[in-house]
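S.K.: Dropping a structure here in structure tokens format, bear with me for questions.
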Amino acid sequence: MASISNLANLTPATSTNSRSSSSSSVLPRSFLNLRSLNAKLSSSSHLSLRHHQTSRPSLFVRCSASGGNGSAAKRTTLHDLYEKEGQSPWYDNLCRPVTDLLPFIARGVRGVTSNPAIFQKAISTSNAYNDQFRTLVESGKDIESAYWELVVKDIQDACKLFEPIYDQTEAEDGYVSVEVSPRLADDTNGTVEAAKYLHKVVDRRNVYIKIPATAPCIPSIRDVIASGISVNVTLIFSIARYEAVIDAYLDGLEASGLDDLSRVTSVASFFVSRVDTLMDKMLEKIGTPEALDLRGKAAVAQAALAYKLYQKKFSGPRWEALVKKGAKKQRLLWASTSVKNPAYSDTLYVAPLIGPDTVSTMPDQALEAFIDHGTVKRTIDANVSEAEGIYSALEKLGIDWNKVGEQLEEEGVDSFKKSFESLLGTLQEKANTLKLASH
């Protein structure tokens, strides 16, 4: 935990769908610097929507100083994915200029996810943040305050681009996700306060506040939802934890006291490829023919069973009572969809997980692969009995799914913390360089 300080200068506009605020005296140190964002943030997030030219050969234009390509929109498999099968394709990346997202939107992307690792890469490898960062440093901002200003500007600008989708779908799609500080993964109250302030400072209807599905943060999810704030629950690695996440969402909706629940939404980010990465190592250690034959099958099987649980939990009297107040299902979002093992199909974590009321967030590799040769067909519940067989077979080999989930969760939290600390270190070095140059 870090210090409670320098939030006194924050004067965020009050978001229309934020129902509560909190005293800065209870804020965790690691988030407090966010409150030093000031009113100029809103004006600084003005977007120029012109397209930029580039000669990139990629199907999509990645974030770069040269910007998007402005090419004519072409219908892709991403459009079919949404229109025919009810799955929303999102892009798992964000950096400057955010206008690089325009060609993605034109080709069917319907939302964006970000995390500390994505911002670490974006800010540390690009010069696009230098001017704003220099201004912040020269104005006396500390490093973490500057970090949050950089992040919030990107989120605000991206939200602006996706607002038409949000409006067209009546708050079902068009979201941009921003995560609370990874330092708060074990801090229940700190996460709640951080989520409320981040929601208030971003001040966009279509922002998702990302909260990790750690045990200490399950109550945080419930409280944030109860406050009328939409949440992307991240780092879900097991069926048991996923059920706890669903219950937190339902509990939060019921505790909100709202008569209209239609604008309080959520996604549950269920991670996929990382499961196989760990499971395959365990199976190779076991070494039997049966174990080796199960490599590359665990992640998709567990995901299929998660969807089965989703269908069960979002039905029945309890759910129907919430539907009468306009509640929307907490959609399953497939995360970690890039293939880590080159021996596997490059659409392994997208193609078998297609189904209605779901989201698939894809980094460049997975997105381009699916657009190039993906098949649009409902697959998520096509072989549930086979998925159950794989799940049970792994248990019979002595693999504890809950322990696997706990290990992956710990690794995920640690990875985001390292990215966060690394970026703050990089920014400190940049700040030192700027100060030396000014003398």
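In the structure tokens, the first chain shown is A, the next is B, and so on; residue numbers restart at 1 for each chain, and ligands run from 1 in the order shown.
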Find the residues of segment 211-274 of chain A that sit at most 9 Å from segment 349-368 of chain A; for each, write down the nearest two atoms and how far apart they are in Å, to one decimal. Count only C-alpha atoms. Sort by chain, then by number going up, and give it as a Markdown table.

M.R.:
| residue | atom | partner | partner_atom | distance |
| --- | --- | --- | --- | --- |
| A:Val267 | CA | A:Val359 | CA | 8.2 |
| A:Ser269 | CA | A:Val359 | CA | 8.7 |
| A:Val272 | CA | A:Tyr349 | CA | 6.7 |
| A:Ser273 | CA | A:Tyr349 | CA | 6.7 |

S.K.: Generate a file of the selected residues that holds N, CA, C and O atoms, formatted as a compact mmCIF listing (two decimals), in the first residue's frame.

M.R.:
# COMPACT_ATOMS: atom_id res chain seq x y z
N VAL A 267 -19.33 -7.67 -17.59
CA VAL A 267 -18.81 -8.85 -18.27
C VAL A 267 -17.90 -9.58 -17.29
O VAL A 267 -17.30 -8.98 -16.40
N SER A 269 -14.63 -11.79 -17.36
CA SER A 269 -13.51 -12.15 -18.25
C SER A 269 -12.88 -13.47 -17.81
O SER A 269 -12.12 -13.52 -16.84
N VAL A 272 -8.41 -17.98 -20.97
CA VAL A 272 -8.40 -19.26 -21.67
C VAL A 272 -6.99 -19.81 -21.90
O VAL A 272 -6.60 -20.80 -21.28
N SER A 273 -6.22 -19.20 -22.76
CA SER A 273 -4.96 -19.82 -23.19
C SER A 273 -3.99 -20.08 -22.04
O SER A 273 -3.24 -21.06 -22.05

S.K.: Which residues come within 12 Å of Leu294 of chain A, counting only C-alpha atoms, excluding same-chain residues fewer than 6 positions away, as a list of chain:residue names?

M.R.: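 So the residues in contact are A:Asp276, A:Met279, A:Asp280, A:Lys281, A:Met282, A:Leu283, A:Glu284, A:Ile286, A:Gly287, A:Thr288, A:Val300, A:Ala301, A:Glu386, A:Ala387, A:Gly389, A:Ile390, A:Tyr391, A:Ser392, A:Ala393, A:Leu394, A:Glu395, A:Leu397.
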
S.K.: Please identify all polymer residues within 9 Å of Arg263 of chain A, counting only C-alpha atoms, omitting same-chain residues fewer than 6 positions from it, and present them as a compact mmCIF listing (two decimals) with N, CA, C and O atoms, in the first residue's frame.

M.R.:
# COMPACT_ATOMS: atom_id res chain seq x y z
N ASN A 17 -24.17 8.38 -14.27
CA ASN A 17 -24.57 7.09 -13.73
C ASN A 17 -23.72 6.68 -12.55
O ASN A 17 -23.66 5.54 -12.19
N GLU A 170 -28.12 0.06 -26.83
CA GLU A 170 -28.73 0.37 -25.54
C GLU A 170 -27.92 -0.20 -24.38
O GLU A 170 -28.42 -0.93 -23.53
N ALA A 171 -26.65 0.13 -24.39
CA ALA A 171 -25.71 -0.17 -23.30
C ALA A 171 -25.27 -1.63 -23.24
O ALA A 171 -24.70 -2.06 -22.24
N GLU A 172 -25.48 -2.37 -24.31
CA GLU A 172 -25.02 -3.76 -24.30
C GLU A 172 -23.60 -3.90 -24.84
O GLU A 172 -22.90 -4.87 -24.52
N ARG A 205 -20.12 7.19 -20.14
CA ARG A 205 -21.18 6.20 -19.92
C ARG A 205 -20.73 4.78 -20.27
O ARG A 205 -21.19 3.81 -19.69
N GLY A 228 -24.08 1.27 -8.82
CA GLY A 228 -24.53 1.67 -10.15
C GLY A 228 -23.42 1.81 -11.16
O GLY A 228 -23.60 2.46 -12.20
N ILE A 229 -22.28 1.20 -10.90
CA ILE A 229 -21.11 1.29 -11.79
C ILE A 229 -20.94 -0.02 -12.53
O ILE A 229 -20.96 -1.10 -11.93
N SER A 230 -20.76 0.06 -13.84
CA SER A 230 -20.58 -1.14 -14.66
C SER A 230 -19.16 -1.67 -14.52
O SER A 230 -18.20 -0.90 -14.48
N GLY A 326 -35.13 -4.45 -15.77
CA GLY A 326 -34.26 -4.07 -16.88
C GLY A 326 -32.86 -4.65 -16.83
O GLY A 326 -32.00 -4.26 -17.63
N ALA A 327 -32.59 -5.57 -15.90
CA ALA A 327 -31.24 -6.11 -15.75
C ALA A 327 -30.78 -6.84 -17.00
O ALA A 327 -31.58 -7.52 -17.67
N LYS A 328 -29.50 -6.71 -17.31
CA LYS A 328 -28.88 -7.41 -18.42
C LYS A 328 -27.97 -8.52 -17.88
O LYS A 328 -27.35 -8.36 -16.83

S.K.: Could you pull the residues within 10 Å of Glu138 of chain A, counting only C-alpha atoms, minus those fewer than 2 positions along the same chain, as JSON, numbers by chain?

M.R.: {"A": [132, 133, 134, 135, 136, 140, 141, 142, 431, 434, 435, 438]}

S.K.: Just the strand (DSSP E or B) stuff from segment 249-405 of chain A, please, per backbone DSSP, written as a list in words.

M.R.: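 Selecting the strand (DSSP E or B) positions of segment 249-405 of chain A gives Ser266, Val267, Ala268, Ser269, Phe270, Phe271, Arg331, Leu332, Leu333, Trp334, Ala335, Thr358, Val359, Ser360, Thr361 and Met362 of chain A.
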
S.K.: Go ahead and dump the residues you just picked, N, CA, C and O atoms, as a PDB file, in the first residue's frame.

M.R.:
ATOM      1  N   SER A 266     -22.272  -5.720 -16.903  1.00  0.00           N
ATOM      2  CA  SER A 266     -21.013  -6.338 -16.514  1.00  0.00           C
ATOM      3  C   SER A 266     -20.620  -7.425 -17.504  1.00  0.00           C
ATOM      4  O   SER A 266     -21.477  -8.011 -18.179  1.00  0.00           O
ATOM      5  N   VAL A 267     -19.327  -7.668 -17.587  1.00  0.00           N
ATOM      6  CA  VAL A 267     -18.808  -8.848 -18.272  1.00  0.00           C
ATOM      7  C   VAL A 267     -17.898  -9.581 -17.292  1.00  0.00           C
ATOM      8  O   VAL A 267     -17.300  -8.977 -16.400  1.00  0.00           O
ATOM      9  N   ALA A 268     -17.822 -10.902 -17.467  1.00  0.00           N
ATOM     10  CA  ALA A 268     -16.945 -11.730 -16.642  1.00  0.00           C
ATOM     11  C   ALA A 268     -15.844 -12.283 -17.539  1.00  0.00           C
ATOM     12  O   ALA A 268     -16.110 -13.128 -18.401  1.00  0.00           O
ATOM     13  N   SER A 269     -14.631 -11.792 -17.363  1.00  0.00           N
ATOM     14  CA  SER A 269     -13.511 -12.146 -18.247  1.00  0.00           C
ATOM     15  C   SER A 269     -12.880 -13.467 -17.805  1.00  0.00           C
ATOM     16  O   SER A 269     -12.117 -13.524 -16.841  1.00  0.00           O
ATOM     17  N   PHE A 270     -13.215 -14.500 -18.540  1.00  0.00           N
ATOM     18  CA  PHE A 270     -12.741 -15.855 -18.255  1.00  0.00           C
ATOM     19  C   PHE A 270     -11.519 -16.125 -19.130  1.00  0.00           C
ATOM     20  O   PHE A 270     -11.601 -16.135 -20.356  1.00  0.00           O
ATOM     21  N   PHE A 271     -10.369 -16.340 -18.490  1.00  0.00           N
ATOM     22  CA  PHE A 271      -9.115 -16.478 -19.234  1.00  0.00           C
ATOM     23  C   PHE A 271      -8.959 -17.901 -19.772  1.00  0.00           C
ATOM     24  O   PHE A 271      -9.311 -18.874 -19.108  1.00  0.00           O
ATOM     25  N   ARG A 331     -22.397 -10.876 -19.305  1.00  0.00           N
ATOM     26  CA  ARG A 331     -21.895 -11.719 -20.393  1.00  0.00           C
ATOM     27  C   ARG A 331     -20.535 -12.332 -20.070  1.00  0.00           C
ATOM     28  O   ARG A 331     -19.692 -11.705 -19.421  1.00  0.00           O
ATOM     29  N   LEU A 332     -20.333 -13.535 -20.544  1.00  0.00           N
ATOM     30  CA  LEU A 332     -19.015 -14.154 -20.482  1.00  0.00           C
ATOM     31  C   LEU A 332     -18.128 -13.525 -21.538  1.00  0.00           C
ATOM     32  O   LEU A 332     -18.527 -13.381 -22.702  1.00  0.00           O
ATOM     33  N   LEU A 333     -16.949 -13.142 -21.126  1.00  0.00           N
ATOM     34  CA  LEU A 333     -15.962 -12.580 -22.048  1.00  0.00           C
ATOM     35  C   LEU A 333     -14.757 -13.518 -22.076  1.00  0.00           C
ATOM     36  O   LEU A 333     -14.156 -13.800 -21.034  1.00  0.00           O
ATOM     37  N   TRP A 334     -14.424 -14.022 -23.245  1.00  0.00           N
ATOM     38  CA  TRP A 334     -13.254 -14.889 -23.377  1.00  0.00           C
ATOM     39  C   TRP A 334     -12.017 -14.023 -23.509  1.00  0.00           C
ATOM     40  O   TRP A 334     -11.882 -13.248 -24.448  1.00  0.00           O
ATOM     41  N   ALA A 335     -11.128 -14.154 -22.543  1.00  0.00           N
ATOM     42  CA  ALA A 335      -9.888 -13.367 -22.525  1.00  0.00           C
ATOM     43  C   ALA A 335      -8.699 -14.303 -22.667  1.00  0.00           C
ATOM     44  O   ALA A 335      -8.829 -15.518 -22.552  1.00  0.00           O
ATOM     45  N   THR A 358     -22.027 -13.569 -25.600  1.00  0.00           N
ATOM     46  CA  THR A 358     -20.641 -13.657 -25.155  1.00  0.00           C
ATOM     47  C   THR A 358     -19.816 -12.587 -25.871  1.00  0.00           C
ATOM     48  O   THR A 358     -20.242 -11.985 -26.853  1.00  0.00           O
ATOM     49  N   VAL A 359     -18.619 -12.376 -25.333  1.00  0.00           N
ATOM     50  CA  VAL A 359     -17.648 -11.451 -25.926  1.00  0.00           C
ATOM     51  C   VAL A 359     -16.345 -12.210 -26.106  1.00  0.00           C
ATOM     52  O   VAL A 359     -15.975 -13.028 -25.268  1.00  0.00           O
ATOM     53  N   SER A 360     -15.656 -11.944 -27.192  1.00  0.00           N
ATOM     54  CA  SER A 360     -14.310 -12.481 -27.366  1.00  0.00           C
ATOM     55  C   SER A 360     -13.380 -11.297 -27.577  1.00  0.00           C
ATOM     56  O   SER A 360     -13.506 -10.569 -28.560  1.00  0.00           O
ATOM     57  N   THR A 361     -12.486 -11.073 -26.620  1.00  0.00           N
ATOM     58  CA  THR A 361     -11.543  -9.963 -26.786  1.00  0.00           C
ATOM     59  C   THR A 361     -10.227 -10.531 -27.299  1.00  0.00           C
ATOM     60  O   THR A 361      -9.662 -11.452 -26.712  1.00  0.00           O
ATOM     61  N   MET A 362      -9.763  -9.988 -28.398  1.00  0.00           N
ATOM     62  CA  MET A 362      -8.632 -10.572 -29.117  1.00  0.00           C
ATOM     63  C   MET A 362      -7.507  -9.564 -29.332  1.00  0.00           C
ATOM     64  O   MET A 362      -7.765  -8.448 -29.765  1.00  0.00           O
TER      65      MET A 362
END

S.K.: Write out as an NGL selection string all residues of segment 194-270 of chain A that DSSP puts in helix (DSSP H, G or I) for this structure's backbone.

M.R.: :A and (194-202 or 215-226 or 239-255)

S.K.: Please produce an output containing C-alpha atoms for each residue in the selection, written as a short mmCIF file (atom, residue, chain, number, x, y, z; two decimals), in the first residue's frame.

M.R.:
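What follows is the written file out_16.cif:
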data_model
loop_
_atom_site.label_atom_id
_atom_site.label_comp_id
_atom_site.auth_asym_id
_atom_site.auth_seq_id
_atom_site.Cartn_x
_atom_site.Cartn_y
_atom_site.Cartn_z
CA ALA A 194 -10.60 3.16 -6.50
CA ALA A 195 -13.36 1.94 -8.79
CA LYS A 196 -15.69 4.76 -7.75
CA TYR A 197 -13.07 7.43 -8.29
CA LEU A 198 -11.84 6.01 -11.57
CA HIS A 199 -15.42 5.85 -12.81
CA LYS A 200 -15.99 9.46 -11.77
CA VAL A 201 -12.79 10.78 -13.32
CA VAL A 202 -13.22 9.00 -16.64
CA ALA A 215 -11.14 -13.55 -3.21
CA PRO A 216 -10.75 -10.16 -1.47
CA CYS A 217 -12.25 -8.39 -4.49
CA ILE A 218 -15.41 -10.50 -4.83
CA PRO A 219 -17.15 -8.31 -2.18
CA SER A 220 -15.74 -5.26 -4.01
CA ILE A 221 -17.49 -6.32 -7.21
CA ARG A 222 -20.79 -6.60 -5.38
CA ASP A 223 -20.42 -3.16 -3.79
CA VAL A 224 -19.33 -1.42 -6.99
CA ILE A 225 -22.24 -2.91 -8.94
CA ALA A 226 -24.56 -1.87 -6.09
CA ILE A 239 -15.49 -22.48 -12.53
CA ALA A 240 -15.76 -22.05 -8.77
CA ARG A 241 -14.48 -18.48 -8.85
CA TYR A 242 -16.65 -17.72 -11.85
CA GLU A 243 -19.76 -18.72 -9.91
CA ALA A 244 -18.70 -16.41 -7.08
CA VAL A 245 -18.38 -13.59 -9.64
CA ILE A 246 -21.90 -14.21 -10.96
CA ASP A 247 -23.29 -14.20 -7.43
CA ALA A 248 -21.50 -10.92 -6.69
CA TYR A 249 -23.12 -9.37 -9.77
CA LEU A 250 -26.59 -10.60 -8.82
CA ASP A 251 -26.12 -9.53 -5.20
CA GLY A 252 -24.98 -6.10 -6.36
CA LEU A 253 -27.96 -5.60 -8.64
CA GLU A 254 -30.35 -6.59 -5.85
CA ALA A 255 -28.62 -4.29 -3.36
#

S.K.: May I ask for the distance between atom CA of Val137 of chain A and atom CA of Asp203 of chain A, given in Å to one decimal place?

M.R.: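 Here the two named atoms are 23.9 Å from each other.
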
S.K.: Please identify all polymer residues within 9 Å of Asp154 of chain A, counting only C-alpha atoms, omitting same-chain residues fewer than 2 positions from it, and present them as an NGL selection string.

M.R.: :A and (45 or 94-98 or 149-152 or 156-159)

S.K.: Of the candidates A:Asn127, A:Ser88, A:Thr379, A:Ser338, which one gets nearest to Val112 of chain A if we count only C-alpha atoms?

M.R.: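 Among the listed residues, the smallest separation from Val112 of chain A belongs to A:Ser88.
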